[in-house]
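Below is one structure, written out as structure tokens, with a few remarks after it.
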Amino acid sequence: MTRMVPLARRNLFQERRRAVLAVAGVAVALLLVLVLQGIFAGAMRQVTAYIRHSPADLVVSQRGVRTMHMSASALSPDTVARARAVPGVAWAAGIDFTTVVVGSASGRQLSYVIGYDPTDRRGGPRRLSRGRAPGRGEAVLDEIAAKQLHVGLGGRVQALGAAFTVSGLFRGGTSIVNTTTFVTADDFARLRGPAVSYVLVGARAGTKPDELARTLAATLPATTVQSRAEFARQEARIVSDMSADIMRIMAAIGFAIALAVVGLTLFTVTLAKLREYGVLKALGARPRRLAAVVAGQAVWSVALSLVVAVALALLVGAVVGRLTPTVQLVVEPADVLRVGLGGLVVGALGAILPLRRVLRVDPASAFRRPS
Amino acid sequence: MSAPAVRVRGLSRTFGEGDVAVRAVREVDLDIAAGEVVLVMGPSGSGKTTLLLMLGALLRPSAGSIEVNGIGLARAPERRLPDLRAHHFGFIFQDSNLLSALNAIENIELACNLVGVGGSRAEERARALLERFGLGHRLHFRPDQLSGGEKQRVAIARAMANDPPVILADEPTANLDSSIGRDVARLLRRLATDDGRSVVIVSHDARLKEVADRVLWLEDGAFMELSQMATDPVCAMAVEAADAPHFFAEGETWWFCSASCRDEFAADPGHFLRLMRRSGGDGRGTAHSA
């Protein structure tokens, strides 16, 4: 492609202060959207952390129950044994699950409480950062929750109507919404009754998980069998559905601010250059060439703003993560792409008015004396 | 005789209708030869700029025809006009009208871009033009870093970017001091003499008569008087034949800027005529009809 004089870029950056202010304005607006999406993506990651890091290929739950968040599942205690007997199942581990408040002398935390078999460990925390797996009357807490409750190893917390001694700590179990606490399945059963909430199932090597899911569903009546990925998707979806409206509103506000800044910038730059557009027309510029100049200015504004916004979002994420460990800000490439495309739409909208002005400029105006 | 580069017949332009109609240009006929410099003068509001705009395909005439190298402009479809302007005309404006965000070489490259020439070809062309006009050391200077004369020279170079057969200049010396204005006038003369372009200058500046082959006086939208221009064989200054001192020698009438030039010539006409012929005299030594 033949290199042309980059008039759009030159026009936009001729007055550097104005260009910097414009880029900063749009960047802040896009940053608002990115940060919101980042916090949302971080929350999704946190909420689905347990299931995403589980070694299970499949998750069995009560029929119609597809998530842990905002759900309660109750399966017959023999479901674990029956699942193990299904051909193609390598292992099956039952977990008990409920959402309660875990408290200490210093505070309270909303928490998933998961009862699991510490000898099996498949239903437990992925890795302990300190201490050991829980025994009778013991619990494993997330590090952040333990810090907020001001308890350490050997400390005491209240959960399920009983007192537990903290035997171990792990990472990655606390979200903006709640935390996760592990106790033994025996303690859970003692305090809440002998039920199983979910059964985690591992497929034998060579067994296709989706085929195994169908076999399990046929063998275990009144259950729903999902792959781990599907379960995580459902979990994310319930959180997403809960916050979708507010996300949309905030994103719309962010894009509206960006639109105002881009539109105003392009309009100002264009108005200041109307005579020069007239000169260009007189010299023989076609309308599409002029449109390309205005559009180029919009693309440059949005592209630079997006780069600045992403850099700032990463910085904000690092700062927020340090100051507020329960809030995780994740800048996903897909979100950057979405915001970028949104920004381009905003840029295109912002360019409409200036473009109309430019296309209406009379080339003869190049011959009029400047007032 | 070869066909004129620009041929205008019955050109008129009326603004408004009915009682408020203003006839800015009235049935103008004009032929401009390749290599000829035509200066259009006249009072403000006489229709000079309107005529220039129509010649440059920037304004549709109400009636009449304009042909440039045989191509009719007056009725060309609107979508073709940008291309016609880019290929056939070089425009020079009063205030140079360079694009302020671009440096000198980019201003010219941009004009090349308009006819699809870009990259190194455009750059080489722009560089060559700027060097030709003595601005090789100002390639990367923006307009606000150039003097008035330099800006106008860049504007002339831009007008040449696409090698157009016709140059249209609107008050090209208006904001320049006398010596720089004279430089610019000489440059315009060179575009005609060296490159064979037709140059139409609209101006109030009488200094431009020096470089014009013809001076046309436009008043109330019509040419009122055609002056014959001649070159003084002694000092090479352009003079209006009708008013100037003259002398008859070797079967022709010679015109002078002053009586002293005439007397110097009269003392030894052969000497001056030999000098003229040696320097490639183009016949402008004698007055000729417009």
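The way I read the labels, and the way they are meant: chains A, B, ... in the order of the structure tokens, residue 1 as the first residue of every chain, and ligand 1 as the first ligand shown, with later ones counted on from there.
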
- Task: Pick out the residues sitting within 8 Å of segment 142-152 of chain B, and hand them over as a list of chain:residue names; count only C-alpha atoms, and ignore anything fewer than 2 positions along from it in its own chain.
- Result: B:Ile92, B:Asp95, B:Ser96, B:Leu98, B:Leu99, B:Ser100, B:Ala101, B:Leu102, B:Asn103, B:Ala104, B:Leu135, B:Arg138, B:His140, B:Val154, B:Ala155, B:Ile156, B:Pro172, B:Asn175, B:Leu176, B:Ile180, B:Gly181, B:Val184

Output C-alpha atoms for every residue in that selection, as a tab-separated table (two decimals), in the first residue's frame.
chain	number	residue	atom	x	y	z
B	92	ILE	CA	-1.93	29.52	-5.36
B	95	ASP	CA	-2.27	33.55	2.24
B	96	SER	CA	-0.46	30.51	0.84
B	98	LEU	CA	-0.54	25.69	3.57
B	99	LEU	CA	-1.83	23.05	5.95
B	100	SER	CA	-0.51	24.17	9.29
B	101	ALA	CA	-0.01	20.69	10.77
B	102	LEU	CA	2.26	19.58	7.94
B	103	ASN	CA	5.78	20.64	7.15
B	104	ALA	CA	6.82	22.01	3.77
B	135	LEU	CA	13.80	25.75	-0.19
B	138	ARG	CA	13.38	24.19	4.71
B	140	HIS	CA	10.86	19.94	7.37
B	154	VAL	CA	6.08	26.35	-0.87
B	155	ALA	CA	2.54	27.10	-2.06
B	156	ILE	CA	3.86	27.54	-5.61
B	172	PRO	CA	-0.18	35.76	-4.78
B	175	ASN	CA	0.88	40.05	1.83
B	176	LEU	CA	4.48	40.21	0.73
B	180	ILE	CA	9.70	39.21	-2.00
B	181	GLY	CA	6.61	39.99	-4.05
B	184	VAL	CA	7.24	35.44	-6.32

- 8 Å contacts from chain B to chain A using only C-alpha atoms, as number ranges by chain: B: 49, 53, 58-59, 81-86, 90-91, 93-94, 97-99, 101-102, 106, 109-111, 113-114, 117-119, 170

Selected residues written out, N, CA and C atoms, as a PDB file, in the first residue's frame:
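File part.pdb, as written:
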ATOM      1  N   THR B  49     -12.477  37.057  -8.710  1.00  0.00           N
ATOM      2  CA  THR B  49     -12.387  35.773  -8.009  1.00  0.00           C
ATOM      3  C   THR B  49     -13.429  34.794  -8.533  1.00  0.00           C
ATOM      4  N   LEU B  53     -12.586  31.166  -9.845  1.00  0.00           N
ATOM      5  CA  LEU B  53     -13.231  29.961  -9.307  1.00  0.00           C
ATOM      6  C   LEU B  53     -13.835  29.129 -10.433  1.00  0.00           C
ATOM      7  N   LEU B  58     -14.172  25.249  -9.528  1.00  0.00           N
ATOM      8  CA  LEU B  58     -14.622  25.348  -8.140  1.00  0.00           C
ATOM      9  C   LEU B  58     -16.016  25.970  -8.056  1.00  0.00           C
ATOM     10  N   LEU B  59     -16.481  26.484  -9.170  1.00  0.00           N
ATOM     11  CA  LEU B  59     -17.797  27.126  -9.197  1.00  0.00           C
ATOM     12  C   LEU B  59     -18.393  26.883 -10.585  1.00  0.00           C
ATOM     13  N   LEU B  81     -15.059  16.474 -10.759  1.00  0.00           N
ATOM     14  CA  LEU B  81     -14.384  17.757 -10.556  1.00  0.00           C
ATOM     15  C   LEU B  81     -13.132  17.662  -9.677  1.00  0.00           C
ATOM     16  N   PRO B  82     -13.175  16.914  -8.541  1.00  0.00           N
ATOM     17  CA  PRO B  82     -11.939  16.839  -7.745  1.00  0.00           C
ATOM     18  C   PRO B  82     -10.745  16.343  -8.553  1.00  0.00           C
ATOM     19  N   ASP B  83     -10.963  15.303  -9.366  1.00  0.00           N
ATOM     20  CA  ASP B  83      -9.869  14.773 -10.181  1.00  0.00           C
ATOM     21  C   ASP B  83      -9.397  15.795 -11.205  1.00  0.00           C
ATOM     22  N   LEU B  84     -10.354  16.471 -11.815  1.00  0.00           N
ATOM     23  CA  LEU B  84      -9.985  17.488 -12.810  1.00  0.00           C
ATOM     24  C   LEU B  84      -9.145  18.583 -12.162  1.00  0.00           C
ATOM     25  N   ARG B  85      -9.575  18.980 -10.973  1.00  0.00           N
ATOM     26  CA  ARG B  85      -8.804  20.036 -10.273  1.00  0.00           C
ATOM     27  C   ARG B  85      -7.396  19.542  -9.943  1.00  0.00           C
ATOM     28  N   ALA B  86      -7.336  18.317  -9.418  1.00  0.00           N
ATOM     29  CA  ALA B  86      -6.034  17.801  -8.978  1.00  0.00           C
ATOM     30  C   ALA B  86      -5.065  17.640 -10.146  1.00  0.00           C
ATOM     31  N   GLY B  90      -3.063  24.027 -10.756  1.00  0.00           N
ATOM     32  CA  GLY B  90      -2.312  24.291  -9.545  1.00  0.00           C
ATOM     33  C   GLY B  90      -2.853  25.589  -8.971  1.00  0.00           C
ATOM     34  N   PHE B  91      -3.222  25.562  -7.700  1.00  0.00           N
ATOM     35  CA  PHE B  91      -3.815  26.750  -7.091  1.00  0.00           C
ATOM     36  C   PHE B  91      -2.813  27.442  -6.171  1.00  0.00           C
ATOM     37  N   PHE B  93      -2.856  30.551  -3.389  1.00  0.00           N
ATOM     38  CA  PHE B  93      -3.797  31.418  -2.678  1.00  0.00           C
ATOM     39  C   PHE B  93      -3.076  32.638  -2.101  1.00  0.00           C
ATOM     40  N   GLN B  94      -3.895  33.613  -1.719  1.00  0.00           N
ATOM     41  CA  GLN B  94      -3.338  34.846  -1.176  1.00  0.00           C
ATOM     42  C   GLN B  94      -2.472  34.596   0.054  1.00  0.00           C
ATOM     43  N   ASN B  97      -2.114  29.439   2.288  1.00  0.00           N
ATOM     44  CA  ASN B  97      -3.038  28.366   2.668  1.00  0.00           C
ATOM     45  C   ASN B  97      -2.361  27.008   2.746  1.00  0.00           C
ATOM     46  N   LEU B  98      -1.185  26.985   3.330  1.00  0.00           N
ATOM     47  CA  LEU B  98      -0.543  25.695   3.573  1.00  0.00           C
ATOM     48  C   LEU B  98      -1.235  25.049   4.767  1.00  0.00           C
ATOM     49  N   LEU B  99      -1.211  23.730   4.815  1.00  0.00           N
ATOM     50  CA  LEU B  99      -1.827  23.047   5.951  1.00  0.00           C
ATOM     51  C   LEU B  99      -0.874  23.169   7.142  1.00  0.00           C
ATOM     52  N   ALA B 101      -0.527  21.830   9.994  1.00  0.00           N
ATOM     53  CA  ALA B 101      -0.014  20.695  10.767  1.00  0.00           C
ATOM     54  C   ALA B 101       1.099  19.958  10.024  1.00  0.00           C
ATOM     55  N   LEU B 102       1.269  20.300   8.749  1.00  0.00           N
ATOM     56  CA  LEU B 102       2.259  19.580   7.936  1.00  0.00           C
ATOM     57  C   LEU B 102       3.466  20.474   7.666  1.00  0.00           C
ATOM     58  N   GLU B 106       5.728  17.814   3.367  1.00  0.00           N
ATOM     59  CA  GLU B 106       4.469  17.067   3.486  1.00  0.00           C
ATOM     60  C   GLU B 106       3.321  17.796   2.788  1.00  0.00           C
ATOM     61  N   GLU B 109       3.746  16.717  -0.697  1.00  0.00           N
ATOM     62  CA  GLU B 109       3.436  15.286  -0.827  1.00  0.00           C
ATOM     63  C   GLU B 109       1.933  15.044  -0.787  1.00  0.00           C
ATOM     64  N   LEU B 110       1.265  15.791   0.073  1.00  0.00           N
ATOM     65  CA  LEU B 110      -0.176  15.608   0.203  1.00  0.00           C
ATOM     66  C   LEU B 110      -0.883  15.908  -1.123  1.00  0.00           C
ATOM     67  N   ALA B 111      -0.421  16.958  -1.794  1.00  0.00           N
ATOM     68  CA  ALA B 111      -1.019  17.272  -3.098  1.00  0.00           C
ATOM     69  C   ALA B 111      -0.768  16.122  -4.078  1.00  0.00           C
ATOM     70  N   ASN B 113      -0.473  13.023  -3.184  1.00  0.00           N
ATOM     71  CA  ASN B 113      -1.354  11.938  -2.728  1.00  0.00           C
ATOM     72  C   ASN B 113      -2.730  12.040  -3.382  1.00  0.00           C
ATOM     73  N   LEU B 114      -3.164  13.268  -3.632  1.00  0.00           N
ATOM     74  CA  LEU B 114      -4.517  13.456  -4.150  1.00  0.00           C
ATOM     75  C   LEU B 114      -4.700  12.877  -5.553  1.00  0.00           C
ATOM     76  N   VAL B 117      -0.396   9.481  -6.032  1.00  0.00           N
ATOM     77  CA  VAL B 117       1.058   9.307  -5.941  1.00  0.00           C
ATOM     78  C   VAL B 117       1.456   9.448  -4.471  1.00  0.00           C
ATOM     79  N   GLY B 118       2.072   8.422  -3.942  1.00  0.00           N
ATOM     80  CA  GLY B 118       2.454   8.479  -2.534  1.00  0.00           C
ATOM     81  C   GLY B 118       3.857   7.951  -2.331  1.00  0.00           C
ATOM     82  N   GLY B 119       4.206   7.702  -1.089  1.00  0.00           N
ATOM     83  CA  GLY B 119       5.484   7.092  -0.751  1.00  0.00           C
ATOM     84  C   GLY B 119       6.676   7.873  -1.258  1.00  0.00           C
ATOM     85  N   ASP B 170      -4.369  33.543  -6.875  1.00  0.00           N
ATOM     86  CA  ASP B 170      -5.248  34.590  -6.364  1.00  0.00           C
ATOM     87  C   ASP B 170      -4.436  35.508  -5.451  1.00  0.00           C
TER      88      ASP B 170
END

- Message: Based on the backbone DSSP call, show me all residues of segment 13-105 of chain B assigned alpha helix (DSSP H), as a count of residues only.
- Response: 18

- Tell me which protein, DNA and RNA residues are within 10 Å of Arg66 of chain A, counting only C-alpha atoms, leaving out same-chain ones fewer than 4 positions away, and put them as a VMD selection string. chain A and resid 59 to 62 71 to 73 224 to 226 230 to 235 238

- For Leu32 of chain A, work out the shell of residues within 9 Å, counting only C-alpha atoms and skipping chain neighbours fewer than 5 positions away, then give it as a list of chain:residue names. A:Ala27, A:Gln37, A:Met250, A:Ala251, A:Ile253, A:Gly254, A:Phe255, A:Ala309, A:Ala313

- Query: What is the distance, in Å and to one decimal place, between atom CA of His87 of chain B and atom CA of Gly296 of chain A?
  - Reply: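 Pair atom CA of His87 of chain B / atom CA of Gly296 of chain A returns 25.3 Å.
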
- Note on the structure: Expressed in Å, the length from atom CA of Pro209 of chain A to atom CA of Arg126 of chain A is 21.6 Å

- Query: If we count only C-alpha atoms, what is near Ala291 of chain A at a cut-off of 8 Å, once residues fewer than 4 positions away on the same chain are taken out, given as JSON, numbers by chain?
  - Reply: {"A": [287, 295, 355, 358, 359]}

Keeping N, CA and C atoms for every residue in the selection just given, could you write it to a file as a JSON list (two decimals), in the first residue's frame?
[["chain", "number", "residue", "atom", "x", "y", "z"],
["A", 287, "PRO", "N", -14.33, 13.47, -1.37],
["A", 287, "PRO", "CA", -14.99, 13.36, -0.06],
["A", 287, "PRO", "C", -14.48, 12.19, 0.78],
["A", 295, "ALA", "N", -12.09, 10.27, 10.14],
["A", 295, "ALA", "CA", -12.17, 8.94, 10.75],
["A", 295, "ALA", "C", -10.82, 8.55, 11.36],
["A", 355, "LEU", "N", -17.75, 15.17, 10.45],
["A", 355, "LEU", "CA", -17.69, 14.71, 9.07],
["A", 355, "LEU", "C", -18.71, 15.45, 8.21],
["A", 358, "VAL", "N", -17.37, 18.82, 7.46],
["A", 358, "VAL", "CA", -16.27, 18.79, 6.48],
["A", 358, "VAL", "C", -16.80, 18.57, 5.07],
["A", 359, "LEU", "N", -17.76, 17.66, 4.94],
["A", 359, "LEU", "CA", -18.26, 17.35, 3.60],
["A", 359, "LEU", "C", -19.05, 18.53, 3.02]]

- Query: Residues at most 8 Å from Val346 of chain A, counting only C-alpha atoms, excluding those fewer than 2 positions away in the same chain, as an MDAnalysis selection string?
  - Reply: chainID A and resid 255:256 258:259 262 342:344 348:350

- Item | Spatial neighbours of Tyr50 of chain A, 9 Å, only C-alpha atoms, chain gap at least 2 places, as a PyMOL selection string | chain A and resi 46-48+52-54+124-126+172-173+180

- DSSP on the backbone, then: every residue of segment 66-250 of chain A marked strand (DSSP E or B), written as JSON, numbers by chain. {"A": [75, 89, 90, 91, 92, 93, 94, 95, 96, 97, 98, 99, 100, 101, 102, 103, 108, 109, 110, 111, 112, 113, 114, 115, 116, 128, 129, 130, 131, 138, 139, 140, 141, 142, 156, 157, 158, 159, 162, 163, 164, 165, 166, 167, 168, 169, 170, 179, 180, 181, 182, 183, 184, 196, 198, 199, 200, 201, 202, 203, 223, 224, 225, 226, 227]}

- Task: Rounded to one decimal place, report the atom CA of Pro269 of chain B-atom CA of Leu208 of chain B distance in Å.
- Result: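 Distance reported for this atom pair: 27.1 Å.
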
- Query: For Arg214 of chain B, which of B:Pro77, B:Glu240, B:Glu264, B:Ser178 is the closest residue, counting only C-alpha atoms?
  - Reply: B:Glu240
